[in-house]
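**Q** Handing you a structure now.
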Amino acid sequence: MAVKPVALTIRAYGVGFGDCFLLTFHYGGGAGDRHMLIDCGTTQRPPKARGTLLDEVTKDIADVVGEKLHVLVATHRHADHIGGFATRSDGKGPGDRIAGLNPALVIQPWTERPDAPRDWPGAAPDAALDSSLTASLSAMPLVAAASLREARSLPASVRDEVRFIAEDGLSNLSALKNLARMGKRGKAAYVSHGSRVPTARLLPGVKITVLGPPTLKQKADIANQKAMNKEEYWHFHSFWKLRAETAPLGSGTALFPRARTFSPRDVPPEARWFVGRCKRVRGTQLLRVVRAMDDALNNTSVILLIQAGNRRLLFPGDAQWENWEYAVKKNAAALKRVDVYKVGHHGSLNATPKSLWKLFDRRSASTTDPDRMMALLSTRSDSKHGHRDRKTEVPRETLLEELRKLTVLRSTQELEQSNSLVLKMTLPLRG
Amino acid sequence: MPASRRLTIIAQDPWVRAGGRIVTAQVSVPAELLADGPRGHRVHVVDFDASANRMYAPLPADAMGTSDKPNDPFRSSTTRRTRPTPAVFNRRLLEDPRFHAQNVYAIVMRTLGHFERALGRRVSWSFGGHQLKVAPHAFAEPNAFYSREDEGLFFGYFAGPDGPVLTCLSHDIIVHETTHALIDGLRPRYTEPSSPDQAAFHEAFADLVALLSVFSLPEILDEAVRQVPKAVTKGMLSVARLTIEALRRGVLFGLGEQFGGALSGVHGASLRRSVALQPSRTILDRSEYQQEHTRGEVLVAAMLHAFLDIYLQRLTTLGREANGQLPAVRVAEEGADLAERMLTMCIRALDYLPPTDLDFGDFLSAIITSDLEIRPDDRRFGVREAVRRSFRAFGIEPTSKFGTGDQTGRWEPPEIRRATQSRREPLLKLDYSAVHREALQRDPDEVFRFLWENRGVLGLCTEAYTVVAGVRPCLRVEHDGFTLRETVADYVQILTVRAGELDDLELSGQKGKLKKPKGLSPGKTIRLLGGGALLFDEFGQLKYHVRNAVLNPAKQNRRLQHLYDAGFFERQREQGFASLHLKGMRPELPATREADPWP
């Protein structure tokens with residue numbers, strides 16, 4: 001008889017604005033536990049947390065896991081999801097600790113493939129489109145770095161948000177290298193919608209379905225996008241390429257090295273009002289650029305539907321509509337019966353599309369309903385993402401109200417008062 | 001103080017070169033007592049770079065000379081001994097931000113001058129202040145735009161294949177953005193959500209002014225004419241070699257290989273496409289021309305086609321008197337002169353346009369009427385006929401069906417209506433007894449009194465909020481010295497109703513009924529806009545009433561349906577039309593499709 005897990009423990013680490021989930025499948029009859037880590041990172045720690053938070057988190061993970069991490073998932077390359085995989089030169093960084101757990105399988109989105117074979121089954125109708133998307137993604141860290149540099153002189157009203165989002169988009173090179181190295185040592189899976197992941201031996205009795213991100217070919221297959229896809233991706237590419245090339249021009253004396261300049265403090269009085277407006281205009285522009293970059297990277301998120309016993313868990317990283325659209329169209333039936341939903345993008349307004357939300361059959365207003373859906377939210381209070389007055393705050397209050405009303409909502413915000421490290425839930429599995 | 005001063009500018013952009021040298025031109029701008037910047041009475045150049053967080057030293061006032069003895073600090077030496085090599089010459093223009101400050105100052109002032117001369121009065125900026133601020137190196141971003149709330153023009157720079165591309169060195173981009181600022185002052189309602197034509201008009205008119213402004217420099221037309229194969233030998237042009245098609249191609253080359261190439265990131269591409277567009281009477285019905293940017297290209301193409309047509313006719317006439325041979329320099333000057341005339345004609349038409357919901361046919365009727373007023377005799381150039389013919393070739397007919405022959409399509413004299421539909425009823429006449437003619441030329445309250453007393457005759461909607469937006473006396477002077485005094489006033493009417501009330505609105509004197517777009521919630525608040533331009537002659541008599549009635553069923557139904565189809569009523573909360581239109585990213589931000597975000 002096949003081995004099946006009898007219970008599942010979910011650990012949601014209190015990383016503030018970020019994600020870090022450890023799933024432990026308990027097998028009966030002395031078969032032991034198997035572990036799956038989904039993301040590890042933060043860009044804004046919980047209010048009382050120390051600077052060594054990711055060290056503490058990874059130490060706890062190592063204590064729970066012991067010697068073998070079976071599956072590691074890095075949903076996408078944002079720092080708040082992979083920052084905890086960065087290594088240190090002394091070999092004692094959080095990423096070194098995770099590497100020490102010898103993950104057997106490392107799952108990342110297809111956009112992170114180091115070598116893209118031209119004839120892979122998901123190739124776009126026009127082969128150059130694949131590389132234009134990956135080239136755009138690799139141009140973004142340059143834009144993020146320039147935005148971060150420029151943010152220093154922006155007005156306070158936009159400075160923090162530009163900086164916060166831009167920091168998330170930096171290259172996170174150390175973490176990416178570590179993930180590639182761990183994948184090489186064990187096994188690497190760069191996945192897209194419908195990819196089969198080799199987890200049968202690592203997590204027996206657990207079925208993992210990849211619902212996203214779609215490949216460009218899959219996106220082109222959605223009828224209403226056929227016509228626009230090619231132009232859209234070229235446009236996308238030229239937008240980021242041009243900005244990446246332009247980024248160095250805006251630093252210091254790059255444009256006219258020999259020209260006489262004033263320091264900002266010496267701007268003549270008659271020009272000061274307008275100089276302020278220039279900064280404001282630039283801040284608004286940069287905010288739009290870094291937000292677009294944030295959306296693009298969020299949309300590379302791996303979406304996993306995990307079935308264990310009678311439970312279905314949905315972990316979508318930070319996927320937004322561009323990513324969700326294909327799964328909502330193709331996998332509507334499977335999405336209906338989700339028991340545990342990891343709320344997308346820390347509860348932002350556009351990562352839980354309403355068309356997805358309406359699919360969930362197990363939403364229930366009854367607090368005594370035994371099948372009532374659970375919503376898992378990893379976020380923090382007063383995050384720097386968005387603004388309450390612009391109705392873009394994260395988590396978005398209207399979404400929270402709905403989650404409170406129709407699900408058992410467990411949020412890492414619960415940890416902020418107690419200053420505990422982890423929210424732990426154990427669910428029995430039947431069938 | 002002399003009336004004007006001459007300043008060196010880059011004729012089109014740094015890629016248009018002759019003998020390796022960037023083609024420059026000296027242009028006339030009003031002489032004024034300048035301060036460092038340059039900073040004059042209408043323009044203040046502030047060279048702050050927000051990306052680098054530094055301000056470049058301004059062009060000092062001393063370098064520009066005194067009011068009595070103005071100086072052009074970047075004038076190139078013409079004597080062979082002191083003339084710099086092309087490399088030195090080009091470097092001096094490209095690497096000195098103070099020249100860039102002069103370039104934007106001179107081109108913005110020249111454009112303002114075109115508007116003020118054409119309209120015969122001062123033209124105000126929309127933001128209330130007197131000095132438009134200009135940032136020539138505003139940020140490291142492939143973008144240039146006008147912003148009403150920031151009272152300025154912003155020119156970005158970006159990486160090009162051969163070094164930085166500075167949008168502040170492209171003549172057409174500077175004129176384009178300045179024109180946005182000027183139309184915004186003259187017709188602030190043209191950024192309101194309306195028809196595809198109105199959305200296209202802001203961009204198209206700015207392109208039109210840019211193109212004619214560039215052509216009004218003989219240096220550029222000289223380059224264009226020399227590009228026509230075998231047309232120019234030893235400085236003489238053979239008129240027989242010229243065709244519209246050959247001239248069109250010459251214009252494309254004259255504007256530079258890179259025109260619309262390196263600058264495609266900003267806006268050159270649409271202007272280049274306009275030049276290449278071939279006439280078709282059904283072009284505006286095609287789906288790809290429903291979008292505001294492409295639709296605007298059609299208007300620019302129609303005017304350019306008319307320009308080339310008249311230019312060719314003119315050269316043929318002149319050539320006939322000179323055995324088919326004309327000095328190339330004279331040919332360029334003739335073209336530049338024609339461009340200047342057509343530019344003046346287009347700008348004058350603005351005063352003869354309704355202040356809300358215009359379409360391309362309105363623009364054509366406005367051109368015909370305003371030109372007829374100041375230049376009744378069109379035999380020499382045949383401009384009106386050529387424009388009408390060219391617009392028709394691109395599917396644009398005048399809105400007005402009034403007039404015959406040379407006057408076909410002009411606006412009608414003011415409507416004199418009967419109180420009822422009965423033909424036996426006497427005509428109603430405009431009543432001037434309650435107003436003072438002199439005050440009618442300057443006082444908005446007096447114009448409102450005139451409107452109020454004559455609201456029945458003029459067909460105003462009594463229920464609507466009505467405001468007189470401006471009263472401006474003008475003294476227009478034509479090239480030949482003919483003068484025309486008139487007063488231009490415009491008013492706007494706003495009627496706010498629920499969508500469900502549309503069907504029941506009483507429309508006196510209008511045919512048809514207003515209809516709620518199918519599917520629109522009856523409780524939705526709808527803002528109907530209307531208004532008119534009033535043109536009084538020098539004796540205070542109303543000559544024209546160019547209007548879009550707030551309760552005009554045909555126009556309002558079309559507008560409402562268009563806005564509904566474009567999803568405007570769902571997005572109403574954002575109200576970002578104006579800022580998106582004028583401050584869009586170039587290339588625009590890649591679209592992110594979103595579904596049902598949390599409100």
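In the structure tokens, the first chain shown is A, the next is B, and so on; residue numbers restart at 1 for each chain, and ligands run from 1 in the order shown.
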Using only C-alpha atoms, which protein or nucleic acid residues come within 8 Å of Thr344 (chain B)? Drop anything in the same chain fewer than 4 positions from it, and give the result as a PyMOL selection string.

**A** chain B and resi 114-115+117-118+340+348

**Q** Please provide the set of residues having any atom within 7 Å of Leu22 (chain A), restricted to only C-alpha atoms, with same-chain residues fewer than 2 positions apart removed, written as a PyMOL selection string.

**A** chain A and resi 10-12+20+24+35-38

**Q** Within region 176-273 of chain A, find each residue whose DSSP state, derived from the backbone, is alpha helix (DSSP H), and express the selection as an MDAnalysis selection string.

**A** chainID A and resid 176:185 216:221 226:246 269:273

**Q** Those residues with C-alpha atoms, as a short mmCIF file (atom, residue, chain, number, x, y, z; two decimals), in the first residue's frame please?

**A**
data_model
loop_
_atom_site.label_atom_id
_atom_site.label_comp_id
_atom_site.auth_asym_id
_atom_site.auth_seq_id
_atom_site.Cartn_x
_atom_site.Cartn_y
_atom_site.Cartn_z
CA LEU A 176 20.13 33.52 -7.06
CA LYS A 177 23.58 31.96 -7.32
CA ASN A 178 22.98 29.90 -4.21
CA LEU A 179 19.65 28.66 -5.57
CA ALA A 180 21.31 27.66 -8.87
CA ARG A 181 24.11 25.91 -6.95
CA MET A 182 21.68 24.01 -4.71
CA GLY A 183 19.69 23.00 -7.79
CA LYS A 184 22.78 21.67 -9.47
CA ARG A 185 23.80 19.68 -6.40
CA LEU A 216 4.46 32.72 -23.51
CA LYS A 217 3.08 30.02 -25.78
CA GLN A 218 0.36 29.26 -23.25
CA LYS A 219 -0.47 32.95 -22.91
CA ALA A 220 -0.69 33.22 -26.68
CA ASP A 221 -3.12 30.30 -26.67
CA LYS A 226 -3.22 36.06 -29.75
CA ALA A 227 -3.06 39.24 -31.75
CA MET A 228 -1.41 41.46 -29.21
CA ASN A 229 1.09 39.13 -27.65
CA LYS A 230 4.05 39.62 -29.91
CA GLU A 231 3.91 43.38 -30.06
CA GLU A 232 3.28 43.53 -26.34
CA TYR A 233 6.40 41.58 -25.51
CA TRP A 234 8.58 43.56 -27.89
CA HIS A 235 7.24 46.71 -26.36
CA PHE A 236 7.91 45.32 -22.90
CA HIS A 237 11.45 44.50 -23.93
CA SER A 238 12.24 47.88 -25.50
CA PHE A 239 10.82 49.69 -22.48
CA TRP A 240 13.15 47.97 -19.99
CA LYS A 241 16.15 47.78 -22.28
CA LEU A 242 16.05 51.52 -22.95
CA ARG A 243 15.68 52.31 -19.27
CA ALA A 244 18.52 50.02 -18.28
CA GLU A 245 20.79 51.65 -20.86
CA THR A 246 19.72 55.13 -19.75
CA PRO A 269 15.71 81.46 -4.89
CA GLU A 270 13.82 82.16 -8.11
CA ALA A 271 14.33 78.55 -9.24
CA ARG A 272 13.55 76.75 -5.97
CA TRP A 273 9.80 76.29 -6.41
#

**Q** List as JSON lines every residue of chain A that is in contact with chain B, defined as an atom at most 8 Å from one of its atoms (using only C-alpha atoms), together with the nearest atom pair and the distance in Å rounded to one decimal, sorted by chain and then rising number.

**A**
{"residue": "A:Glu150", "atom": "CA", "partner": "B:Ser51", "partner_atom": "CA", "distance": 5.7}
{"residue": "A:Ser153", "atom": "CA", "partner": "B:Asn53", "partner_atom": "CA", "distance": 6.6}
{"residue": "A:Glu232", "atom": "CA", "partner": "B:Pro590", "partner_atom": "CA", "distance": 7.3}
{"residue": "A:His235", "atom": "CA", "partner": "B:Pro590", "partner_atom": "CA", "distance": 6.8}
{"residue": "A:Phe236", "atom": "CA", "partner": "B:Pro590", "partner_atom": "CA", "distance": 5.4}
{"residue": "A:Phe239", "atom": "CA", "partner": "B:Pro587", "partner_atom": "CA", "distance": 6.4}
{"residue": "A:Leu242", "atom": "CA", "partner": "B:Ala159", "partner_atom": "CA", "distance": 6.9}
{"residue": "A:Arg243", "atom": "CA", "partner": "B:Glu141", "partner_atom": "CA", "distance": 7.1}
{"residue": "A:Glu245", "atom": "CA", "partner": "B:Ala159", "partner_atom": "CA", "distance": 5.8}
{"residue": "A:Thr246", "atom": "CA", "partner": "B:Ala159", "partner_atom": "CA", "distance": 4.7}
{"residue": "A:Ala247", "atom": "CA", "partner": "B:Ala140", "partner_atom": "CA", "distance": 6.9}
{"residue": "A:Leu249", "atom": "CA", "partner": "B:Ala140", "partner_atom": "CA", "distance": 6.5}
{"residue": "A:Gly250", "atom": "CA", "partner": "B:Ser51", "partner_atom": "CA", "distance": 5.0}
{"residue": "A:Ser251", "atom": "CA", "partner": "B:Ala52", "partner_atom": "CA", "distance": 5.0}
{"residue": "A:Gly252", "atom": "CA", "partner": "B:Ala52", "partner_atom": "CA", "distance": 4.8}
{"residue": "A:Thr253", "atom": "CA", "partner": "B:Ala52", "partner_atom": "CA", "distance": 7.3}
{"residue": "A:Leu255", "atom": "CA", "partner": "B:Pro164", "partner_atom": "CA", "distance": 7.7}
{"residue": "A:Phe256", "atom": "CA", "partner": "B:Glu95", "partner_atom": "CA", "distance": 6.3}
{"residue": "A:Ala259", "atom": "CA", "partner": "B:Asp96", "partner_atom": "CA", "distance": 6.9}
{"residue": "A:Arg260", "atom": "CA", "partner": "B:Ala57", "partner_atom": "CA", "distance": 5.6}
{"residue": "A:Thr261", "atom": "CA", "partner": "B:Tyr56", "partner_atom": "CA", "distance": 4.3}
{"residue": "A:Phe262", "atom": "CA", "partner": "B:Met55", "partner_atom": "CA", "distance": 5.2}
{"residue": "A:Ser263", "atom": "CA", "partner": "B:Arg54", "partner_atom": "CA", "distance": 5.9}
{"residue": "A:Pro264", "atom": "CA", "partner": "B:Arg54", "partner_atom": "CA", "distance": 5.9}
{"residue": "A:Val267", "atom": "CA", "partner": "B:Met55", "partner_atom": "CA", "distance": 7.1}
{"residue": "A:Ala271", "atom": "CA", "partner": "B:Val46", "partner_atom": "CA", "distance": 6.4}
{"residue": "A:Phe274", "atom": "CA", "partner": "B:Lys133", "partner_atom": "CA", "distance": 7.3}
{"residue": "A:Val275", "atom": "CA", "partner": "B:Phe48", "partner_atom": "CA", "distance": 6.4}
{"residue": "A:Arg277", "atom": "CA", "partner": "B:Asp150", "partner_atom": "CA", "distance": 6.0}
{"residue": "A:Cys278", "atom": "CA", "partner": "B:Ala50", "partner_atom": "CA", "distance": 6.2}
{"residue": "A:Lys279", "atom": "CA", "partner": "B:Ala50", "partner_atom": "CA", "distance": 5.5}
{"residue": "A:Arg282", "atom": "CA", "partner": "B:Ala50", "partner_atom": "CA", "distance": 6.5}
{"residue": "A:Val289", "atom": "CA", "partner": "B:Leu589", "partner_atom": "CA", "distance": 7.6}
{"residue": "A:Ala292", "atom": "CA", "partner": "B:Leu589", "partner_atom": "CA", "distance": 7.4}
{"residue": "A:Asp295", "atom": "CA", "partner": "B:Thr592", "partner_atom": "CA", "distance": 7.8}
{"residue": "A:Gln320", "atom": "CA", "partner": "B:Glu594", "partner_atom": "CA", "distance": 7.7}
{"residue": "A:Trp321", "atom": "CA", "partner": "B:Glu594", "partner_atom": "CA", "distance": 5.4}
{"residue": "A:Glu322", "atom": "CA", "partner": "B:Arg593", "partner_atom": "CA", "distance": 6.1}
{"residue": "A:Leu349", "atom": "CA", "partner": "B:Trp598", "partner_atom": "CA", "distance": 4.8}
{"residue": "A:Asn350", "atom": "CA", "partner": "B:Pro597", "partner_atom": "CA", "distance": 4.6}
{"residue": "A:Ala351", "atom": "CA", "partner": "B:Pro597", "partner_atom": "CA", "distance": 7.7}
{"residue": "A:Thr352", "atom": "CA", "partner": "B:Pro597", "partner_atom": "CA", "distance": 7.5}
{"residue": "A:Pro353", "atom": "CA", "partner": "B:Asp596", "partner_atom": "CA", "distance": 5.5}
{"residue": "A:Lys354", "atom": "CA", "partner": "B:Asp596", "partner_atom": "CA", "distance": 5.2}
{"residue": "A:Ser355", "atom": "CA", "partner": "B:Asp596", "partner_atom": "CA", "distance": 7.0}
{"residue": "A:Lys391", "atom": "CA", "partner": "B:Pro599", "partner_atom": "CA", "distance": 7.3}
{"residue": "A:Arg396", "atom": "CA", "partner": "B:Trp598", "partner_atom": "CA", "distance": 7.4}
{"residue": "A:Thr398", "atom": "CA", "partner": "B:Trp598", "partner_atom": "CA", "distance": 6.4}
{"residue": "A:Leu399", "atom": "CA", "partner": "B:Trp598", "partner_atom": "CA", "distance": 6.2}

**Q** For those residues, write N, CA and C atoms to a file as a CSV table (one decimal), in the first residue's frame.

**A**
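Output saved as part-v3.csv:
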chain,number,residue,atom,x,y,z
A,150,GLU,N,18.5,57.4,-7.2
A,150,GLU,CA,17.8,58.7,-7.4
A,150,GLU,C,16.8,59.0,-6.2
A,153,SER,N,17.2,61.8,-3.4
A,153,SER,CA,16.9,63.2,-3.5
A,153,SER,C,15.4,63.5,-3.8
A,232,GLU,N,3.2,43.2,-27.8
A,232,GLU,CA,3.3,43.5,-26.3
A,232,GLU,C,4.6,43.2,-25.7
A,235,HIS,N,7.4,45.4,-27.0
A,235,HIS,CA,7.2,46.7,-26.4
A,235,HIS,C,7.8,46.6,-24.9
A,236,PHE,N,7.4,45.6,-24.3
A,236,PHE,CA,7.9,45.3,-22.9
A,236,PHE,C,9.4,45.3,-22.9
A,239,PHE,N,11.0,48.8,-23.6
A,239,PHE,CA,10.8,49.7,-22.5
A,239,PHE,C,11.9,49.5,-21.4
A,242,LEU,N,15.7,50.1,-22.8
A,242,LEU,CA,16.1,51.5,-23.0
A,242,LEU,C,16.3,52.1,-21.6
A,243,ARG,N,15.5,51.7,-20.6
A,243,ARG,CA,15.7,52.3,-19.3
A,243,ARG,C,17.0,51.8,-18.6
A,245,GLU,N,19.7,51.0,-20.2
A,245,GLU,CA,20.8,51.7,-20.9
A,245,GLU,C,20.9,53.1,-20.4
A,246,THR,N,19.7,53.7,-20.1
A,246,THR,CA,19.7,55.1,-19.8
A,246,THR,C,20.2,55.3,-18.3
A,247,ALA,N,20.0,54.3,-17.5
A,247,ALA,CA,20.2,54.4,-16.0
A,247,ALA,C,21.6,55.1,-15.7
A,249,LEU,N,23.3,57.3,-17.2
A,249,LEU,CA,23.4,58.7,-17.6
A,249,LEU,C,22.9,59.6,-16.5
A,250,GLY,N,22.0,59.2,-15.7
A,250,GLY,CA,21.4,60.0,-14.7
A,250,GLY,C,22.3,60.2,-13.4
A,251,SER,N,23.5,59.6,-13.4
A,251,SER,CA,24.2,59.6,-12.1
A,251,SER,C,25.2,60.7,-12.2
A,252,GLY,N,25.2,61.6,-11.2
A,252,GLY,CA,26.2,62.7,-11.0
A,252,GLY,C,26.6,63.4,-12.3
A,253,THR,N,27.8,63.4,-12.7
A,253,THR,CA,28.3,64.3,-13.7
A,253,THR,C,28.4,63.6,-15.1
A,255,LEU,N,26.5,63.3,-17.6
A,255,LEU,CA,26.0,63.9,-18.9
A,255,LEU,C,26.9,65.0,-19.4
A,256,PHE,N,27.3,65.9,-18.6
A,256,PHE,CA,28.2,67.0,-19.0
A,256,PHE,C,29.3,67.1,-18.0
A,259,ALA,N,30.7,70.7,-17.3
A,259,ALA,CA,29.8,71.9,-17.1
A,259,ALA,C,29.8,72.4,-15.6
A,260,ARG,N,29.6,73.7,-15.5
A,260,ARG,CA,29.6,74.2,-14.1
A,260,ARG,C,28.2,73.9,-13.5
A,261,THR,N,28.2,73.4,-12.3
A,261,THR,CA,26.9,73.1,-11.7
A,261,THR,C,26.8,73.7,-10.3
A,262,PHE,N,25.5,73.8,-9.8
A,262,PHE,CA,25.2,74.3,-8.5
A,262,PHE,C,24.9,73.0,-7.6
A,263,SER,N,25.3,73.1,-6.4
A,263,SER,CA,24.8,72.0,-5.5
A,263,SER,C,23.3,72.3,-5.2
A,264,PRO,N,22.5,71.3,-4.8
A,264,PRO,CA,21.1,71.6,-4.6
A,264,PRO,C,20.9,72.7,-3.6
A,267,VAL,N,20.9,76.4,-5.2
A,267,VAL,CA,19.9,76.8,-6.2
A,267,VAL,C,19.4,78.2,-5.9
A,271,ALA,N,14.5,79.9,-8.6
A,271,ALA,CA,14.3,78.5,-9.2
A,271,ALA,C,13.8,77.5,-8.3
A,274,PHE,N,10.3,75.6,-8.7
A,274,PHE,CA,10.3,74.7,-9.8
A,274,PHE,C,11.2,73.5,-9.6
A,275,VAL,N,12.3,73.7,-9.0
A,275,VAL,CA,13.2,72.5,-8.7
A,275,VAL,C,12.4,71.5,-7.8
A,277,ARG,N,9.2,71.1,-7.9
A,277,ARG,CA,8.3,70.4,-8.8
A,277,ARG,C,9.0,69.4,-9.7
A,278,CYS,N,10.2,69.7,-10.1
A,278,CYS,CA,11.0,68.7,-10.9
A,278,CYS,C,11.1,67.4,-10.1
A,279,LYS,N,11.5,67.6,-8.9
A,279,LYS,CA,11.7,66.4,-8.0
A,279,LYS,C,10.4,65.6,-7.8
A,282,ARG,N,9.6,63.8,-11.0
A,282,ARG,CA,10.5,62.6,-11.2
A,282,ARG,C,10.1,61.5,-10.2
A,289,VAL,N,7.5,53.5,-12.6
A,289,VAL,CA,8.5,52.6,-13.2
A,289,VAL,C,8.7,51.4,-12.2
A,292,ALA,N,5.8,49.1,-12.0
A,292,ALA,CA,5.6,48.2,-13.2
A,292,ALA,C,6.6,47.1,-13.1
A,295,ASP,N,5.4,44.6,-10.6
A,295,ASP,CA,4.3,43.7,-11.1
A,295,ASP,C,4.8,42.7,-12.1
A,320,GLN,N,0.0,38.0,-9.9
A,320,GLN,CA,-1.1,38.9,-10.2
A,320,GLN,C,-1.9,38.4,-11.4
A,321,TRP,N,-2.8,39.2,-11.9
A,321,TRP,CA,-3.7,38.7,-12.9
A,321,TRP,C,-3.0,38.1,-14.1
A,322,GLU,N,-2.0,38.8,-14.6
A,322,GLU,CA,-1.3,38.3,-15.8
A,322,GLU,C,-0.9,36.8,-15.7
A,349,LEU,N,-4.0,44.7,-3.3
A,349,LEU,CA,-5.3,44.8,-3.9
A,349,LEU,C,-5.4,43.9,-5.2
A,350,ASN,N,-4.3,43.6,-5.8
A,350,ASN,CA,-4.5,43.0,-7.1
A,350,ASN,C,-3.9,41.6,-7.2
A,351,ALA,N,-3.5,40.9,-6.1
A,351,ALA,CA,-3.0,39.6,-6.2
A,351,ALA,C,-4.0,38.5,-5.9
A,352,THR,N,-5.2,38.9,-5.5
A,352,THR,CA,-6.2,37.9,-5.3
A,352,THR,C,-7.4,38.3,-6.2
A,353,PRO,N,-7.3,38.1,-7.5
A,353,PRO,CA,-8.3,38.6,-8.4
A,353,PRO,C,-9.7,38.1,-7.9
A,354,LYS,N,-10.7,38.9,-8.1
A,354,LYS,CA,-12.0,38.5,-7.6
A,354,LYS,C,-12.5,37.3,-8.3
A,355,SER,N,-12.2,37.1,-9.6
A,355,SER,CA,-12.6,36.0,-10.3
A,355,SER,C,-12.0,34.7,-9.7
A,391,LYS,N,-5.9,54.0,-1.4
A,391,LYS,CA,-6.5,52.7,-1.4
A,391,LYS,C,-5.6,51.7,-2.0
A,396,ARG,N,-4.6,45.2,1.8
A,396,ARG,CA,-5.7,46.0,1.5
A,396,ARG,C,-6.9,45.7,2.4
A,398,THR,N,-10.1,46.2,2.3
A,398,THR,CA,-11.3,45.6,1.8
A,398,THR,C,-11.2,44.1,1.6
A,399,LEU,N,-10.0,43.7,1.3
A,399,LEU,CA,-9.7,42.2,1.1
A,399,LEU,C,-9.7,41.6,2.5

**Q** Can you tell me, as number ranges by chain, what residues are no more than 10 Å from Ala49 (chain A) when counting only C-alpha atoms, ignoring any on the same chain fewer than 4 positions away?

**A** A: 14-16, 44-45, 53-54, 416, 419-421
